[in-house]
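Trainee: Sending over a structure as structure tokens; questions will come in a sec.
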Amino acid sequence: MTRFAAPLAGIGLIASPQVALAEEVVELDRSDADPALWKLSDEDTTIWLFGTMHALKPDLVWFDDAVGDAFNGSDELVIEMLEPDMATMQQVIGTSAIYTDGSTLSERLSDEQRTKLAESAAAIGIPMQALDRMMPWFAAVTLSAAPLIQLGYDPKSGAEAVLQGSAREQGKPIAGLETFDQQMGFFSNLPEEQQITFLMEAAESLDGAEALYAESERAWGVGDIVSTEKLINEGLEESPEIYEVLISKRNRNWADWIEQRMAQPGNVFIAVGAGHLAGADSVQAVLAERGLSVERVAY
């Protein structure tokens with residue numbers, strides 16, 4: 001997702017901090033993380049699938065070993081979306097994330113919801129006035145992303161930023177599976193009631209944010225797909241309409257793209273939020289249903 005929406009898919013911000021984790025917890029070696037990597041290939045085409053974290057602590061070493069080799073041997077990088085210029089971004093946000101008719105977020109909430117939101121936002125230093133012009137989905141993303149920086153997670157150290165920087169250094173083309181308009185539309189087109197549910201779940205999750213982010217980074221860094229699935233997807237599965245829009249439908253669309261790309265020769269490194277490569281509705285599962293076998297790389 002974008003730098004605004006990305007944390008939702010990549011860090012599991014709307015998952016419940018109380019979700020069950022894998023029975024065997026592998027400790028993360030911050031000097032040698034080994035995130036999961038998959039490979040799909042035929043006679044003349046290789047596609048690597050890499051699940052990303054959109055914000056990471058700068059001291060985590062992960063871009064080496066099999067991931068580095070796969071990336072260096074690829075002809076191009078494909079990510080979820082190429083960010084547009086700032087003017088375009090502001091224009092789209094202004095029409096899909098901000099109330100322009102003088103109405104407010106507060107007037108769309110019940111007294112109980114408004115109180116809870118104001119208290120949760122204040123706890124992380126965000127005044128309610130700063131959220132009041134935002135549509136519920138955008139307020140949810142804003143709330144969810146705010147603790148990242150406070151806790152030391154940096155989008156500039158996130159996997160997409162690192163991969164794009166390396167691609168530019170090596171002269172690799174970079175493509176996006178979606179556009180900025182599309183990504184904003186996934187949220188802004190949700191019915192308002194679902195957006196408010198999304199917002200209140202984000203507000204409720206803030207108390208457990210530090211533990212949740214740490215566990216998300218650990219699971220990602222050791223390639224613990226069981227925990228990754230639970231952390232990232234279970235919160236969304238409790239809201240099936242949102243899960244369909246943010247996860248399932250997009251996974252099917254990306255599988256379409258991959259299936260078509262397999263007809264062309266070359267090596268492609270695809271990097272998308274880790275939640276899309278975990279669980280029964282993952283991109284790999286969709287590809288398997290179509291007869292395309294994706295293998296996890298052991299390293």
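Following the order of the structure tokens, chains are lettered A, B, ..., residues in each are numbered from 1, and ligands are numbered from 1.
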Please extract the residues of segment 58-277 of chain A with a backbone DSSP assignment of strand (DSSP E) and present them as a PyMOL selection string.
Mentor: chain A and resi 76-81+174-178+266-273
Trainee: Applying 6 Å and only C-alpha atoms, which residues near segment 217-223 of chain A remain after dropping the ones on its own chain fewer than 2 positions away? List them as a PDB file with N, CA and C atoms, in the first residue's frame.
Mentor:
```pdb
ATOM      1  N   LEU A  28      14.493 -13.487  16.846  1.00  0.00           N
ATOM      2  CA  LEU A  28      15.013 -12.750  15.700  1.00  0.00           C
ATOM      3  C   LEU A  28      16.447 -12.307  15.960  1.00  0.00           C
ATOM      4  N   ALA A  33      18.541 -11.320   9.702  1.00  0.00           N
ATOM      5  CA  ALA A  33      17.143 -11.710   9.514  1.00  0.00           C
ATOM      6  C   ALA A  33      16.997 -12.494   8.211  1.00  0.00           C
ATOM      7  N   ASP A  34      16.044 -13.414   8.188  1.00  0.00           N
ATOM      8  CA  ASP A  34      15.819 -14.260   7.012  1.00  0.00           C
ATOM      9  C   ASP A  34      14.335 -14.289   6.653  1.00  0.00           C
ATOM     10  N   PRO A  35      13.803 -13.189   6.109  1.00  0.00           N
ATOM     11  CA  PRO A  35      12.388 -13.168   5.737  1.00  0.00           C
ATOM     12  C   PRO A  35      12.085 -14.151   4.619  1.00  0.00           C
ATOM     13  N   ALA A  36      10.833 -14.549   4.544  1.00  0.00           N
ATOM     14  CA  ALA A  36      10.426 -15.598   3.602  1.00  0.00           C
ATOM     15  C   ALA A  36      10.506 -15.124   2.151  1.00  0.00           C
ATOM     16  N   ALA A 214       6.461  -5.238  17.480  1.00  0.00           N
ATOM     17  CA  ALA A 214       7.659  -6.037  17.746  1.00  0.00           C
ATOM     18  C   ALA A 214       7.456  -7.482  17.292  1.00  0.00           C
ATOM     19  N   GLU A 215       6.291  -8.035  17.582  1.00  0.00           N
ATOM     20  CA  GLU A 215       6.017  -9.407  17.167  1.00  0.00           C
ATOM     21  C   GLU A 215       5.884  -9.500  15.653  1.00  0.00           C
ATOM     22  N   ILE A 225       5.613 -17.674   8.930  1.00  0.00           N
ATOM     23  CA  ILE A 225       4.409 -17.385   8.162  1.00  0.00           C
ATOM     24  C   ILE A 225       3.140 -17.626   8.966  1.00  0.00           C
ATOM     25  N   THR A 228       2.772 -14.572  11.045  1.00  0.00           N
ATOM     26  CA  THR A 228       2.515 -13.449  10.143  1.00  0.00           C
ATOM     27  C   THR A 228       1.063 -13.445   9.689  1.00  0.00           C
TER      28      THR A 228
END
```
Trainee: Using only C-alpha atoms, which protein or nucleic acid residues come within 6 Å of segment 139-154 of chain A? Drop anything in the same chain fewer than 2 positions from it, and give the result as a CSV table (one decimal) with N, CA and C atoms, in the first residue's frame.
Mentor:
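Writing the result to result26.csv gives the following:
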```csv
chain,number,residue,atom,x,y,z
A,5,ALA,N,-1.4,4.1,3.7
A,5,ALA,CA,-2.1,2.9,4.0
A,5,ALA,C,-1.2,1.6,4.2
A,55,ALA,N,7.6,-0.7,7.1
A,55,ALA,CA,8.4,0.1,8.0
A,55,ALA,C,9.2,-0.8,8.9
A,56,LEU,N,10.5,-0.6,9.0
A,56,LEU,CA,11.3,-1.5,9.9
A,56,LEU,C,12.3,-0.6,10.7
A,57,LYS,N,12.8,-1.2,11.8
A,57,LYS,CA,13.8,-0.5,12.5
A,57,LYS,C,15.1,-0.5,11.7
A,131,LEU,N,-7.9,15.1,13.3
A,131,LEU,CA,-8.6,14.0,12.6
A,131,LEU,C,-10.0,14.4,12.1
A,134,MET,N,-10.9,14.4,8.4
A,134,MET,CA,-10.6,13.1,7.7
A,134,MET,C,-11.8,12.2,7.6
A,136,PRO,N,-13.4,8.5,7.8
A,136,PRO,CA,-13.0,7.5,8.8
A,136,PRO,C,-11.8,6.6,8.5
A,137,TRP,N,-11.7,6.2,7.2
A,137,TRP,CA,-10.6,5.3,6.8
A,137,TRP,C,-9.3,6.0,6.9
A,156,LYS,N,11.6,4.6,5.6
A,156,LYS,CA,12.8,4.6,4.8
A,156,LYS,C,13.7,3.4,4.9
A,157,SER,N,13.5,2.7,6.0
A,157,SER,CA,14.2,1.4,6.2
A,157,SER,C,13.3,0.2,5.8
A,199,LEU,N,-12.0,2.3,11.7
A,199,LEU,CA,-11.4,3.3,12.6
A,199,LEU,C,-11.4,2.9,14.0
A,202,ALA,N,-8.9,0.4,14.8
A,202,ALA,CA,-7.5,1.0,14.9
A,202,ALA,C,-7.3,1.7,16.3
```
Trainee: In terms of the shortest atom-to-atom distance over only C-alpha atoms, which of A:Ile196, A:Val268, A:Leu277, A:Ala285 is closest to Ile242 of chain A?
Mentor: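 For Ile242 of chain A, the nearest of the candidates is A:Ile196.
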Trainee: Find the residue from A:Gly125, A:Gly273, A:Pro191, A:Gly171 that sits nearest to His54 of chain A; use only C-alpha atoms when measuring.
Mentor: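 Of all the options, A:Gly273 lies closest to His54 of chain A.
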Trainee: Would you mind telling me which residue in A:Val226, A:Val286, A:Leu60, A:Ala130 lies nearest to Val26 of chain A when using only C-alpha atoms?
Mentor: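 Closest to Val26 of chain A, using only C-alpha atoms: A:Val226.
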Trainee: One decimal, Å: what's the distance from atom CA of Trp254 of chain A over to atom CA of Gly279 of chain A, could you say?
Mentor: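 Atom-to-atom, atom CA of Trp254 of chain A and atom CA of Gly279 of chain A are spaced 15.4 Å apart.
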Trainee: So that I can see what lies close to Leu40 of chain A, please list as a PyMOL selection string the residues with an atom at most 12 Å from it, counting only C-alpha atoms and leaving out residues fewer than 2 positions away in the same chain.
Mentor: chain A and resi 37-38+42-50+70+255+258-259+261-262+266-270+283-284+287-288+291-297
Trainee: When distances are computed from only C-alpha atoms, which of A:Phe138, A:Tyr213, A:Tyr99, A:Tyr243 shows the smallest separation from Asp281 of chain A?
Mentor: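 The shortest atom-to-atom distance to Asp281 of chain A comes from A:Tyr243.
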Trainee: Determine the nearest neighbour of Arg168 of chain A from the options A:Glu229, A:Glu210, A:Glu76, A:Asp256, counting only C-alpha atoms.
Mentor: A:Glu76
Trainee: Show me, as number ranges by chain, the residues that have an atom within 9 Å of Asp207 of chain A when counting only C-alpha atoms, minus same-chain residues fewer than 3 positions from it.
Mentor: A: 17, 120, 203-204, 210
Trainee: Among the residues of segment 81-286 of chain A, find those DSSP assigns to helix (DSSP H, G or I) from the backbone and print them as a ChimeraX atom specification.
Mentor: /A:86-96,106-108,111-123,128-131,136-150,155-157,159-170,180-188,192-221,225-237,240-261,274-277,283-286
Trainee: Show me, as number ranges by chain, the residues that have an atom within 9 Å of Ala118 of chain A when counting only C-alpha atoms, minus same-chain residues fewer than 5 positions from it.
Mentor: A: 113, 123, 126-128
Trainee: Could the residues in this selection be saved with N, CA and C atoms as a CSV table (one decimal), in the first residue's frame?
Mentor:
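Produced file out_35.csv, reproduced below:
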```csv
chain,number,residue,atom,x,y,z
A,113,GLN,N,-18.2,6.5,20.6
A,113,GLN,CA,-17.2,6.3,19.6
A,113,GLN,C,-16.3,7.6,19.6
A,123,ALA,N,-3.7,10.0,23.5
A,123,ALA,CA,-2.7,9.2,24.1
A,123,ALA,C,-1.4,9.1,23.3
A,126,ILE,N,-2.1,13.1,19.2
A,126,ILE,CA,-2.9,13.6,18.1
A,126,ILE,C,-4.2,14.2,18.6
A,127,PRO,N,-4.4,15.5,18.5
A,127,PRO,CA,-5.6,16.1,18.9
A,127,PRO,C,-6.8,15.7,18.0
A,128,MET,N,-8.0,15.6,18.5
A,128,MET,CA,-9.1,15.2,17.8
A,128,MET,C,-9.4,16.2,16.6
```
Trainee: Nearest to Ala274 of chain A: which of A:Asn251, A:Thr52, A:Asn72, A:Gln260 is it, counting only C-alpha atoms?
Mentor: A:Thr52
Trainee: Write out, as a Markdown table, each residue of segment 103-216 of chain A that has an atom at most 7 Å from segment 82-98 of chain A, together with the closest pair of atoms and their distance in Å to one decimal, counting only C-alpha atoms, rows going by chain and rising number.
Mentor:
```
| residue | atom | partner | partner_atom | distance |
| --- | --- | --- | --- | --- |
| A:Arg133 | CA | A:Ile98 | CA | 5.7 |
| A:Met134 | CA | A:Ile98 | CA | 4.6 |
| A:Met135 | CA | A:Ala97 | CA | 5.3 |
| A:Phe138 | CA | A:Ala97 | CA | 5.7 |
| A:Ala175 | CA | A:Leu82 | CA | 6.8 |
| A:Gly176 | CA | A:Leu82 | CA | 5.3 |
| A:Thr179 | CA | A:Leu82 | CA | 7.0 |
| A:Phe180 | CA | A:Glu83 | CA | 6.6 |
| A:Asp181 | CA | A:Val92 | CA | 6.7 |
| A:Met184 | CA | A:Ser96 | CA | 6.7 |
| A:Ser188 | CA | A:Ser96 | CA | 5.7 |
```
Trainee: Could you turn the residues from that selection into a file that holds C-alpha atoms, as a CSV table (one decimal), in the first residue's frame?
Mentor:
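Once written, again.csv looks like this:
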```
chain,number,residue,atom,x,y,z
A,133,ARG,CA,-11.7,16.7,8.6
A,134,MET,CA,-10.6,13.1,7.7
A,135,MET,CA,-12.8,10.5,6.4
A,138,PHE,CA,-8.0,8.0,6.6
A,175,ALA,CA,6.8,-1.2,-12.0
A,176,GLY,CA,3.7,-1.1,-9.8
A,179,THR,CA,-2.0,3.0,-9.0
A,180,PHE,CA,-2.3,5.5,-6.2
A,181,ASP,CA,-5.9,6.3,-7.2
A,184,MET,CA,-7.0,5.2,-2.2
A,188,SER,CA,-12.7,5.5,0.2
```
Trainee: Contacts of Phe186 of chain A at 7 Å or less, counting only C-alpha atoms, minus same-chain residues fewer than 4 places along, as a PyMOL selection string?
Mentor: chain A and resi 182+190+245-246
Trainee: Take the residues just selected and output them with N, CA, C and O atoms as an mmCIF file, in the first residue's frame.
Mentor:
```cif
data_model
loop_
_atom_site.group_PDB
_atom_site.id
_atom_site.type_symbol
_atom_site.label_atom_id
_atom_site.label_comp_id
_atom_site.auth_asym_id
_atom_site.auth_seq_id
_atom_site.Cartn_x
_atom_site.Cartn_y
_atom_site.Cartn_z
ATOM 1 N N GLN A 182 -6.104 3.854 -7.299
ATOM 2 C CA GLN A 182 -6.714 2.569 -6.951
ATOM 3 C C GLN A 182 -6.587 2.301 -5.455
ATOM 4 O O GLN A 182 -7.553 1.908 -4.799
ATOM 5 N N LEU A 190 -15.245 2.087 0.517
ATOM 6 C CA LEU A 190 -15.924 1.290 1.533
ATOM 7 C C LEU A 190 -17.119 2.066 2.071
ATOM 8 O O LEU A 190 -17.049 3.287 2.245
ATOM 9 N N VAL A 245 -11.830 -6.696 0.169
ATOM 10 C CA VAL A 245 -11.335 -5.561 -0.606
ATOM 11 C C VAL A 245 -9.824 -5.418 -0.492
ATOM 12 O O VAL A 245 -9.129 -5.235 -1.503
ATOM 13 N N LEU A 246 -9.304 -5.511 0.734
ATOM 14 C CA LEU A 246 -7.890 -5.226 0.961
ATOM 15 C C LEU A 246 -6.967 -6.405 0.694
ATOM 16 O O LEU A 246 -5.793 -6.214 0.353
#
```
